[in-house]
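Participant: data_19.cif is reproduced in full below (mmCIF, C-alpha atoms and all ligand atoms).
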data_query
loop_
_atom_site.label_atom_id
_atom_site.label_comp_id
_atom_site.auth_asym_id
_atom_site.auth_seq_id
_atom_site.Cartn_x
_atom_site.Cartn_y
_atom_site.Cartn_z
CA MET A 146 122.46 83.06 81.99
CA ASN A 147 122.94 86.82 81.95
CA ALA A 148 125.02 87.51 85.02
CA ILE A 149 127.69 86.06 87.26
CA TYR A 150 128.06 86.69 90.97
CA LEU A 151 131.32 85.85 92.77
CA HIS A 152 131.28 85.68 96.55
CA ILE A 153 134.43 86.70 98.43
CA PRO A 154 133.61 86.12 102.10
CA PHE A 155 136.63 87.68 103.81
CA CYS A 156 136.48 90.86 105.93
CA LYS A 157 138.99 92.64 108.10
CA SER A 158 136.52 92.66 110.97
CA LYS A 159 132.85 91.82 111.33
CA CYS A 160 130.43 94.77 111.46
CA ILE A 161 127.93 94.54 114.30
CA TYR A 162 124.81 94.55 112.13
CA CYS A 163 126.15 92.28 109.38
CA ASP A 164 124.13 89.27 108.32
CA PHE A 165 126.10 88.48 105.16
CA ASN A 166 128.07 85.29 104.75
CA SER A 167 131.32 86.98 105.73
CA TYR A 168 134.14 86.17 108.11
CA ALA A 169 136.96 87.94 109.87
CA ASN A 170 140.19 86.16 110.92
CA LYS A 171 140.03 83.59 108.11
CA GLU A 172 143.01 84.94 106.16
CA GLY A 173 144.66 81.50 106.36
CA MET A 174 141.94 80.11 104.11
CA VAL A 175 142.17 82.63 101.28
CA ASP A 176 144.44 80.51 99.05
CA LYS A 177 142.35 77.37 99.36
CA TYR A 178 139.13 79.31 98.92
CA PHE A 179 140.24 80.83 95.62
CA ASP A 180 141.45 77.43 94.39
CA ALA A 181 137.96 76.09 95.07
CA LEU A 182 136.33 79.11 93.43
CA MET A 183 138.47 78.64 90.29
CA GLN A 184 137.52 74.98 90.27
CA GLU A 185 133.81 75.69 90.61
CA ILE A 186 133.97 78.18 87.73
CA GLN A 187 135.97 75.83 85.53
CA ASN A 188 133.28 73.16 85.98
CA GLU A 189 130.75 75.46 84.34
CA SER A 190 130.44 76.17 80.63
CA PHE A 191 129.48 79.64 79.50
CA VAL A 192 127.66 79.46 76.23
CA GLU A 193 125.76 82.74 76.07
CA PRO A 194 127.31 86.20 76.37
CA ILE A 195 127.39 87.50 79.93
CA LYS A 196 126.05 91.00 80.64
CA THR A 197 127.45 91.55 84.11
CA ILE A 198 129.87 90.21 86.70
CA TYR A 199 129.51 91.28 90.32
CA ILE A 200 132.26 90.57 92.84
CA GLY A 201 130.66 90.87 96.25
CA GLY A 202 131.17 89.75 99.77
CA GLY A 203 132.47 90.11 102.36
CA THR A 204 135.06 92.59 101.28
CA PRO A 205 136.56 91.54 97.93
CA SER A 206 139.07 94.40 98.12
CA TYR A 207 140.47 92.95 101.35
CA VAL A 208 142.27 90.07 99.59
CA ASP A 209 145.35 90.48 97.40
CA GLU A 210 144.41 91.71 93.92
CA LYS A 211 146.17 88.70 92.31
CA TYR A 212 143.22 86.50 93.34
CA ILE A 213 140.64 88.79 91.74
CA VAL A 214 142.74 89.15 88.58
CA SER A 215 143.10 85.39 88.13
CA ILE A 216 139.41 84.71 88.68
CA LEU A 217 138.46 87.31 86.08
CA SER A 218 140.97 85.84 83.63
CA ILE A 219 138.94 82.61 83.40
CA LEU A 220 135.56 84.28 83.04
CA PRO A 221 133.94 85.59 79.85
CA LYS A 222 134.06 89.34 79.28
CA ALA A 223 131.07 91.38 80.46
CA GLU A 224 129.75 94.91 79.87
CA GLU A 225 129.58 95.77 83.55
CA VAL A 226 132.05 94.34 86.04
CA THR A 227 131.61 95.55 89.61
CA ILE A 228 133.70 95.02 92.71
CA GLU A 229 132.61 95.84 96.26
CA MET A 230 135.27 97.54 98.30
CA ASN A 231 135.69 99.00 101.71
CA PRO A 232 137.60 102.22 102.30
CA GLY A 233 140.80 101.36 104.07
CA THR A 234 141.40 98.24 101.96
CA VAL A 235 142.24 99.92 98.66
CA THR A 236 145.50 101.17 97.18
CA LYS A 237 146.36 102.70 93.83
CA GLU A 238 148.11 99.47 92.77
CA LYS A 239 145.02 97.43 93.59
CA LEU A 240 142.70 99.76 91.72
CA MET A 241 144.94 99.85 88.66
CA ALA A 242 145.10 96.04 88.66
CA TYR A 243 141.29 95.91 88.84
CA ARG A 244 140.97 98.28 85.89
CA LYS A 245 143.40 96.24 83.84
CA ALA A 246 141.46 93.08 84.65
CA GLY A 247 138.26 94.65 83.23
CA ILE A 248 136.54 95.96 86.35
CA ASN A 249 134.66 99.14 85.39
CA ARG A 250 132.42 99.78 88.39
CA VAL A 251 133.09 99.96 92.11
CA SER A 252 130.70 99.86 95.02
CA MET A 253 131.70 101.32 98.36
CA GLY A 254 129.94 101.55 101.69
CA LEU A 255 129.91 104.95 103.34
CA GLN A 256 126.74 104.28 105.38
CA ALA A 257 126.95 107.62 107.24
CA SER A 258 129.24 110.63 107.18
CA GLN A 259 129.57 110.86 110.98
CA ASN A 260 132.52 109.00 112.42
CA ALA A 261 130.76 108.38 115.74
CA ILE A 262 127.93 106.55 113.96
CA LEU A 263 130.37 104.55 111.84
CA LYS A 264 132.17 103.47 114.99
CA ALA A 265 128.93 102.54 116.74
CA ILE A 266 128.00 100.09 113.96
CA GLY A 267 131.49 98.59 113.81
CA ARG A 268 132.68 100.00 110.48
CA ILE A 269 136.45 100.03 110.18
CA HIS A 270 136.66 103.28 108.20
CA THR A 271 136.17 106.97 108.85
CA LYS A 272 134.53 109.51 106.57
CA GLU A 273 138.00 110.85 105.70
CA GLU A 274 139.23 107.40 104.68
CA PHE A 275 136.13 106.92 102.58
CA GLU A 276 136.74 110.21 100.81
CA GLU A 277 140.36 109.33 100.16
CA ALA A 278 139.32 105.98 98.65
CA PHE A 279 136.60 107.65 96.56
CA TYR A 280 139.05 110.13 95.00
CA LEU A 281 141.61 107.39 94.50
CA CYS A 282 139.01 105.49 92.46
CA ARG A 283 138.40 108.63 90.38
CA GLU A 284 142.14 109.13 89.92
CA CYS A 285 142.44 105.55 88.68
CA GLY A 286 139.73 106.22 86.07
CA PHE A 287 136.58 104.74 87.60
CA GLN A 288 133.63 106.62 86.13
CA ASN A 289 130.96 104.42 87.63
CA ILE A 290 130.89 104.38 91.42
CA ASN A 291 128.13 103.27 93.74
CA VAL A 292 128.03 104.42 97.35
CA ASP A 293 125.85 102.75 100.02
CA LEU A 294 124.11 104.88 102.59
CA MET A 295 122.03 103.69 105.54
CA HIS A 296 119.16 105.21 107.43
CA GLY A 297 117.71 104.10 110.74
CA LEU A 298 121.15 103.78 112.36
CA PRO A 299 121.72 104.03 116.14
CA ASN A 300 121.90 107.67 117.32
CA GLN A 301 121.30 108.88 113.76
CA THR A 302 119.15 112.01 113.58
CA LEU A 303 117.41 113.42 110.54
CA LYS A 304 120.01 116.18 110.59
CA ASP A 305 122.83 113.60 110.46
CA PHE A 306 121.19 111.81 107.58
CA LYS A 307 120.64 115.02 105.63
CA GLU A 308 124.29 115.83 106.16
CA SER A 309 125.30 112.41 104.77
CA VAL A 310 123.07 112.83 101.70
CA ASN A 311 124.30 116.37 101.06
CA TYR A 312 127.88 115.19 101.43
CA LEU A 313 127.29 112.54 98.77
CA VAL A 314 125.56 115.01 96.47
CA LYS A 315 128.80 117.02 96.52
CA LEU A 316 130.98 113.96 95.89
CA ASN A 317 128.69 113.08 92.99
CA PRO A 318 128.93 109.27 92.63
CA GLU A 319 126.99 107.84 89.68
CA HIS A 320 124.88 105.56 91.84
CA ILE A 321 123.59 105.66 95.42
CA SER A 322 121.94 102.81 97.32
CA CYS A 323 120.05 103.90 100.37
CA TYR A 324 119.00 101.07 102.66
CA SER A 325 117.41 100.94 106.05
CA LEU A 326 119.29 99.11 108.80
CA ILE A 327 117.89 95.61 109.00
CA LEU A 328 118.13 94.22 112.48
CA HIS A 329 118.57 90.54 112.90
CA ASP A 330 119.82 89.41 116.28
CA VAL A 331 121.61 92.61 117.24
CA VAL A 332 119.90 94.92 119.67
CA PHE A 333 120.86 98.57 119.19
CA GLN A 334 120.01 101.38 121.58
CA ASN A 335 118.70 104.77 120.47
CA LEU A 336 117.33 103.84 117.08
CA PRO A 337 115.35 106.51 115.24
CA SER A 338 111.55 106.09 115.34
CA ASP A 339 109.72 104.72 112.30
CA GLU A 340 108.55 108.23 111.50
CA GLU A 341 112.06 109.67 111.68
CA GLU A 342 113.27 106.87 109.47
CA ARG A 343 110.57 107.49 106.88
CA ASN A 344 111.50 111.17 106.88
CA MET A 345 115.10 110.21 106.17
CA TYR A 346 113.98 108.15 103.19
CA TYR A 347 111.77 111.02 101.90
CA TYR A 348 114.69 113.40 102.22
CA ALA A 349 116.97 111.09 100.21
CA LYS A 350 114.30 110.68 97.53
CA ASP A 351 113.75 114.43 97.12
CA ALA A 352 117.33 115.62 97.43
CA LEU A 353 118.72 113.01 95.06
CA LYS A 354 116.01 113.54 92.48
CA GLN A 355 116.55 117.30 92.57
CA ASN A 356 120.24 116.79 92.00
CA GLY A 357 120.00 114.59 88.93
CA TRP A 358 119.74 111.01 90.21
CA ASN A 359 116.84 108.91 88.91
CA HIS A 360 114.98 107.01 91.58
CA TYR A 361 114.69 103.71 89.69
CA GLU A 362 114.22 101.14 92.44
CA ILE A 363 112.79 101.45 95.96
CA SER A 364 116.25 101.95 97.49
CA ASN A 365 118.38 102.84 94.47
CA PHE A 366 119.22 106.06 92.64
CA ALA A 367 121.32 106.50 89.52
CA LYS A 368 122.54 109.16 87.15
CA PRO A 369 121.01 108.60 83.67
CA GLY A 370 122.33 105.40 82.15
CA LYS A 371 124.17 104.38 85.32
CA GLU A 372 121.53 102.07 86.80
CA SER A 373 123.09 98.86 88.11
CA LYS A 374 122.85 96.44 85.19
CA HIS A 375 123.65 93.59 87.55
CA ASN A 376 120.85 94.31 90.01
CA LEU A 377 118.47 94.82 87.09
CA VAL A 378 119.16 91.20 86.12
CA TYR A 379 117.76 90.19 89.55
CA TRP A 380 114.80 92.57 89.41
CA ASN A 381 113.96 91.57 85.83
CA GLN A 382 113.97 87.90 86.84
CA GLU A 383 116.76 87.03 84.43
CA GLU A 384 119.12 84.11 84.97
CA TYR A 385 122.35 84.38 86.95
CA ARG A 386 124.94 82.03 88.36
CA GLY A 387 126.59 82.59 91.71
CA PHE A 388 129.96 81.06 92.58
CA GLY A 389 131.51 80.75 96.03
CA ALA A 390 130.35 79.92 99.55
CA GLY A 391 126.69 80.76 100.13
CA ALA A 392 126.25 82.14 96.59
CA SER A 393 122.81 81.72 95.00
CA SER A 394 121.90 81.02 91.39
CA TYR A 395 118.72 81.22 89.35
CA ILE A 396 118.73 79.07 86.25
CA ASP A 397 115.83 77.51 84.38
CA GLY A 398 113.29 78.38 87.10
CA LYS A 399 115.44 76.78 89.80
CA ARG A 400 117.00 78.64 92.72
CA PHE A 401 119.98 76.95 94.26
CA THR A 402 122.46 78.07 96.89
CA ASN A 403 125.95 76.86 97.71
CA VAL A 404 126.77 75.75 101.26
CA ALA A 405 127.66 78.77 103.37
CA SER A 406 130.51 77.36 105.45
CA LEU A 407 133.92 78.04 103.90
CA GLU A 408 135.32 74.73 105.11
CA GLU A 409 132.40 72.73 103.75
CA TYR A 410 132.40 74.61 100.44
CA ILE A 411 136.12 74.01 99.88
CA HIS A 412 135.79 70.37 100.91
CA LYS A 413 132.87 69.69 98.56
CA ILE A 414 134.54 71.35 95.58
CA GLN A 415 137.82 69.52 96.23
CA LYS A 416 135.97 66.20 96.41
CA LYS A 417 134.03 67.11 93.25
CA GLU A 418 130.76 66.84 95.16
CA ILE A 419 127.73 69.02 94.51
CA ALA A 420 128.17 72.14 96.67
CA TYR A 421 124.64 73.52 96.36
CA ILE A 422 121.15 72.72 97.51
CA ILE A 423 118.10 73.37 95.37
CA GLU A 424 115.85 75.71 97.28
CA GLU A 425 113.05 76.22 94.84
CA GLU A 426 111.83 74.78 91.56
CA GLN A 427 109.29 77.20 90.23
CA ASP A 428 106.17 76.25 88.36
CA LEU A 429 104.58 78.86 86.08
CA GLU A 430 102.34 80.18 88.86
CA SER A 431 105.19 80.86 91.30
CA LYS A 432 107.32 82.31 88.51
CA ILE A 433 104.62 84.84 87.61
CA LYS A 434 104.05 85.82 91.25
CA GLU A 435 107.76 86.30 91.83
CA TYR A 436 107.99 88.35 88.64
CA MET A 437 105.30 90.69 90.00
CA ILE A 438 107.13 91.14 93.31
CA LEU A 439 110.51 91.75 91.67
CA LYS A 440 109.20 94.13 89.02
CA LEU A 441 107.19 96.13 91.55
CA ARG A 442 110.48 96.99 93.26
CA LEU A 443 111.27 99.08 90.19
CA ILE A 444 109.77 102.54 89.97
CA SER A 445 108.78 101.76 86.35
CA GLY A 446 106.90 98.71 87.68
CA VAL A 447 105.43 95.85 85.67
CA ASN A 448 105.11 96.42 81.94
CA ILE A 449 101.78 94.76 81.15
CA GLU A 450 102.67 94.02 77.52
CA GLU A 451 106.07 92.63 78.44
CA ALA A 452 104.46 90.29 80.99
CA LYS A 453 102.07 89.11 78.27
CA GLN A 454 104.96 88.33 75.93
CA LYS A 455 106.85 86.51 78.66
CA PHE A 456 104.07 84.42 80.21
CA HIS A 457 101.31 84.48 77.56
CA ILE A 458 98.77 85.68 80.08
CA ASP A 459 96.90 88.87 80.84
CA ILE A 460 98.12 89.82 84.31
CA LEU A 461 95.36 92.39 84.69
CA LYS A 462 92.87 89.53 84.53
CA LYS A 463 94.95 87.05 86.47
CA PHE A 464 95.44 89.39 89.41
CA GLN A 465 92.23 91.37 89.00
CA THR A 466 91.12 90.96 92.65
CA GLN A 467 94.51 91.83 94.13
CA LEU A 468 95.09 94.76 91.79
CA GLU A 469 91.67 96.27 92.44
CA LYS A 470 92.23 95.99 96.20
CA LEU A 471 95.67 97.61 96.01
CA GLN A 472 94.39 100.34 93.74
CA LYS A 473 91.57 101.13 96.18
CA GLN A 474 94.12 101.33 98.98
CA GLY A 475 96.07 103.85 96.90
CA LEU A 476 99.16 101.64 96.85
CA ILE A 477 99.47 101.08 93.11
CA GLN A 478 98.67 102.88 89.91
CA ILE A 479 97.88 101.24 86.57
CA ASP A 480 98.30 102.51 83.02
CA SER A 481 100.47 100.62 80.51
CA HIS A 482 102.42 99.60 83.62
CA ILE A 483 101.53 98.62 87.17
CA TYR A 484 103.63 100.53 89.67
CA LEU A 485 103.81 101.62 93.28
CA THR A 486 102.47 105.03 94.25
CA ASP A 487 104.36 107.12 96.82
CA LYS A 488 102.20 105.50 99.48
CA GLY A 489 102.97 102.10 97.95
CA LEU A 490 106.71 102.79 98.16
CA ASP A 491 106.27 103.22 101.90
CA LEU A 492 104.12 100.14 102.28
CA ALA A 493 105.67 97.88 99.67
CA ASN A 494 105.44 94.86 101.97
CA ILE A 495 101.65 95.04 101.91
CA VAL A 496 101.75 95.05 98.11
CA TRP A 497 104.12 92.09 97.90
CA GLU A 498 101.98 90.04 100.27
CA GLU A 499 99.28 89.97 97.63
CA PHE A 500 101.60 88.02 95.32
CA VAL A 501 103.11 85.53 97.75
S1 LIG B 1 132.35 94.90 105.67
FE1 LIG B 1 130.34 94.34 104.80
S2 LIG B 1 130.38 92.13 104.63
FE2 LIG B 1 132.08 92.70 105.98
S3 LIG B 1 131.26 92.52 108.02
FE3 LIG B 1 130.96 94.66 107.39
S4 LIG B 1 128.92 94.74 106.46
FE4 LIG B 1 129.52 92.59 106.62
#
Can the structure in the file be given as structure tokens, please?
Ligand code: SF4

Facilitator:
Amino acid sequence: MNAIYLHIPFCKSKCIYCDFNSYANKEGMVDKYFDALMQEIQNESFVEPIKTIYIGGGTPSYVDEKYIVSILSILPKAEEVTIEMNPGTVTKEKLMAYRKAGINRVSMGLQASQNAILKAIGRIHTKEEFEEAFYLCRECGFQNINVDLMHGLPNQTLKDFKESVNYLVKLNPEHISCYSLILHDVVFQNLPSDEEERNMYYYAKDALKQNGWNHYEISNFAKPGKESKHNLVYWNQEEYRGFGAGASSYIDGKRFTNVASLEEYIHKIQKKEIAYIIEEEQDLESKIKEYMILKLRLISGVNIEEAKQKFHIDILKKFQTQLEKLQKQGLIQIDSHIYLTDKGLDLANIVWEEFV
């Protein structure tokens, strides 16, 4: 396996739009949860070197740093070790402890630089608190920071979004993820139209490119050499192991996911029962199709020669019908790689459907 994901499901409060496996008011379970997490990790043997560790959630920075430090102490070393944090949950002591434990990348959610919008979506921080946390990270020596932005938020105008992007350009984080609000069961009023939302995305693409960020994945931008190594493991269809409640793994063509409930996860690990369910066992056909979908997320697309080495097939022949159709629609371009055009970036779902 190439990467490890650790899921820390605790949050100070639950954001209105959040669909992650995260919980507020479960502080009483933190101790037991980390015992179970340690146990789950200790049951695994790590034979190959690990490229990346990603501590996500939830809000990993919400719990006492001693938990994060002890978990990292039983894991192999990795080149890139990221922790997700929320402004308002970080202190200098915490950040210094993270650095000492080997964490060299942080990921923070700004989402928008207007406090009224942040409040409307239930974020606990203000722009000022975000900025304070950002500079604290710099002061503590973090030279690799990701910031999340969102477009398509309630009451968000193009002007607001431009302001948020320009604000980030000035702060100059190494990596910016720019996602659209995904609505599940929550109904928001005053959402921007599809057209306004597209214009926000176009603005981010242009402004970030002009200011030195590479657009390397549909929603991700990085300064040269600062692409997320961890996310590239996912997009390159490499193996990873997830630990913790609801965490997913991909090993040997199998996708399996731990039970999501904290109580059930702790119980199963304590009883030494299997805590995951196998969701998919891929045959070669499904592996190739998934590879196409994942690789097409990247701006560099599918390297035809690399696919040949990996699967011993000619994907141009295998997907000839689909590729010709998509090319005619102006959604993809083909040279030594197959990749999305600007139109394809907008309509990526239509492209992916061809490989389902
Ligand atoms: S902080 Fe993140 S994980 Fe927690 S509730 Fe908000 S969006 Fe969800």

Participant: I'd like to know which of A:Ile198, A:Cys282, A:Leu326, A:Leu316 is closest to ligand LIG 1 (chain B), using all atoms listed in the file.

Facilitator: A:Leu326

Participant: When the cut-off is 12 Å and you count all atoms listed in the file, which residues lie near ligand LIG 1 (chain B), shown as a ChimeraX atom specification?

Facilitator: /A:152-170,201-207,229-234,252-256,263-264,266-270,293-295,326-327

Participant: I'd like to know which of A:Ile290, A:Leu468, A:Met183, A:Leu439 is closest to A:Gln382, using all atoms listed in the file.

Facilitator: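 With all atoms listed in the file as the atom set, the closest residue is A:Leu439.
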
Participant: Can you tell me, as number ranges by chain, what residues are no more than 9 Å from A:Asn335 when counting only C-alpha atoms, ignoring any on the same chain fewer than 2 positions away?

Facilitator: A: 298-301, 333, 337-338

Participant: Could you tell me which of A:Val501, A:Leu281, A:Met174, A:Leu313 comes closest to A:Ile433 if we count all atoms listed in the file?

Facilitator: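 Looking only at the distances to A:Ile433, the closest residue turns out to be A:Val501.
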
Participant: So, counting all atoms listed in the file, which residue among A:Ala452, A:Ile200, A:Ile444, A:Ile262 is closest to A:Asp487?

Facilitator: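 Smallest distance to A:Asp487 is found for A:Ile444.
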
Participant: For stretch 363-376 of chain A, list every protein, DNA or RNA residue within 8 Å, evaluated using all atoms listed in the file, and leave out those in the same chain fewer than 6 positions away; present the list as a CSV table (one decimal) with C-alpha atoms, in the coordinates of the input.

Facilitator:
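The result, stored in selection.csv:
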chain,number,residue,atom,x,y,z
A,148,ALA,CA,125.0,87.5,85.0
A,196,LYS,CA,126.0,91.0,80.6
A,197,THR,CA,127.4,91.6,84.1
A,198,ILE,CA,129.9,90.2,86.7
A,199,TYR,CA,129.5,91.3,90.3
A,225,GLU,CA,129.6,95.8,83.6
A,289,ASN,CA,131.0,104.4,87.6
A,319,GLU,CA,127.0,107.8,89.7
A,320,HIS,CA,124.9,105.6,91.8
A,321,ILE,CA,123.6,105.7,95.4
A,322,SER,CA,121.9,102.8,97.3
A,323,CYS,CA,120.0,103.9,100.4
A,324,TYR,CA,119.0,101.1,102.7
A,353,LEU,CA,118.7,113.0,95.1
A,357,GLY,CA,120.0,114.6,88.9
A,442,ARG,CA,110.5,97.0,93.3
A,443,LEU,CA,111.3,99.1,90.2
A,444,ILE,CA,109.8,102.5,90.0
A,490,LEU,CA,106.7,102.8,98.2

Participant: Quick one: of A:Leu471, A:Tyr346, A:Ser481, A:Leu240, who's nearest to A:Lys453, counting all atoms listed in the file?

Facilitator: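 The shortest atom-to-atom distance to A:Lys453 comes from A:Ser481.
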
Participant: One decimal, Å: what's the distance from atom CA of A:Val214 over to atom CA of A:Glu189, could you say?

Facilitator: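 About the pair atom CA of A:Val214 and atom CA of A:Glu189: they are 18.7 Å apart.
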
Participant: One decimal, Å: what's the distance from atom CA of A:Gln187 over to atom CA of A:Lys413, could you say?

Facilitator: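 So the answer is 14.7 Å.
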
Participant: One number please: atom CA of A:Asn494 to atom CA of A:Asn291, in Å, one decimal.

Facilitator: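 Computed distance, atom CA of A:Asn494 to atom CA of A:Asn291, equals 25.6 Å.
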
Participant: Taking into account all atoms listed in the file, which residue in the set A:Phe179, A:Tyr361, A:Trp380, A:Phe191 is nearest to A:Ser215?

Facilitator: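 With all atoms listed in the file as the atom set, the closest residue is A:Phe179.
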
Participant: Counting only C-alpha atoms, note down every residue that has an atom within 9 Å of the point (126.1, 80.3, 91.7) (file coordinates), as a list in words.

Facilitator: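 All residues meeting the 9 Å criterion around (126.1, 80.3, 91.7) are Ile149, Tyr150, Leu151, His152, Tyr385, Arg386, Gly387, Phe388, Gly389, Ala390, Gly391, Ala392, Ser393, Ser394, Tyr395, Phe401, Thr402, Asn403 and Tyr421 of chain A.
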
Participant: Please write out, as lines of an AutoDock Vina configuration file, where the centre of an axis-aligned box around all listed atoms of stretch 272-278 of chain A lies and how long its edges are, in Å to one decimal, after adding 8 Å on each side.

Facilitator:
center_x = 137.4
center_y = 108.4
center_z = 102.6
size_x = 21.8
size_y = 20.9
size_z = 23.9
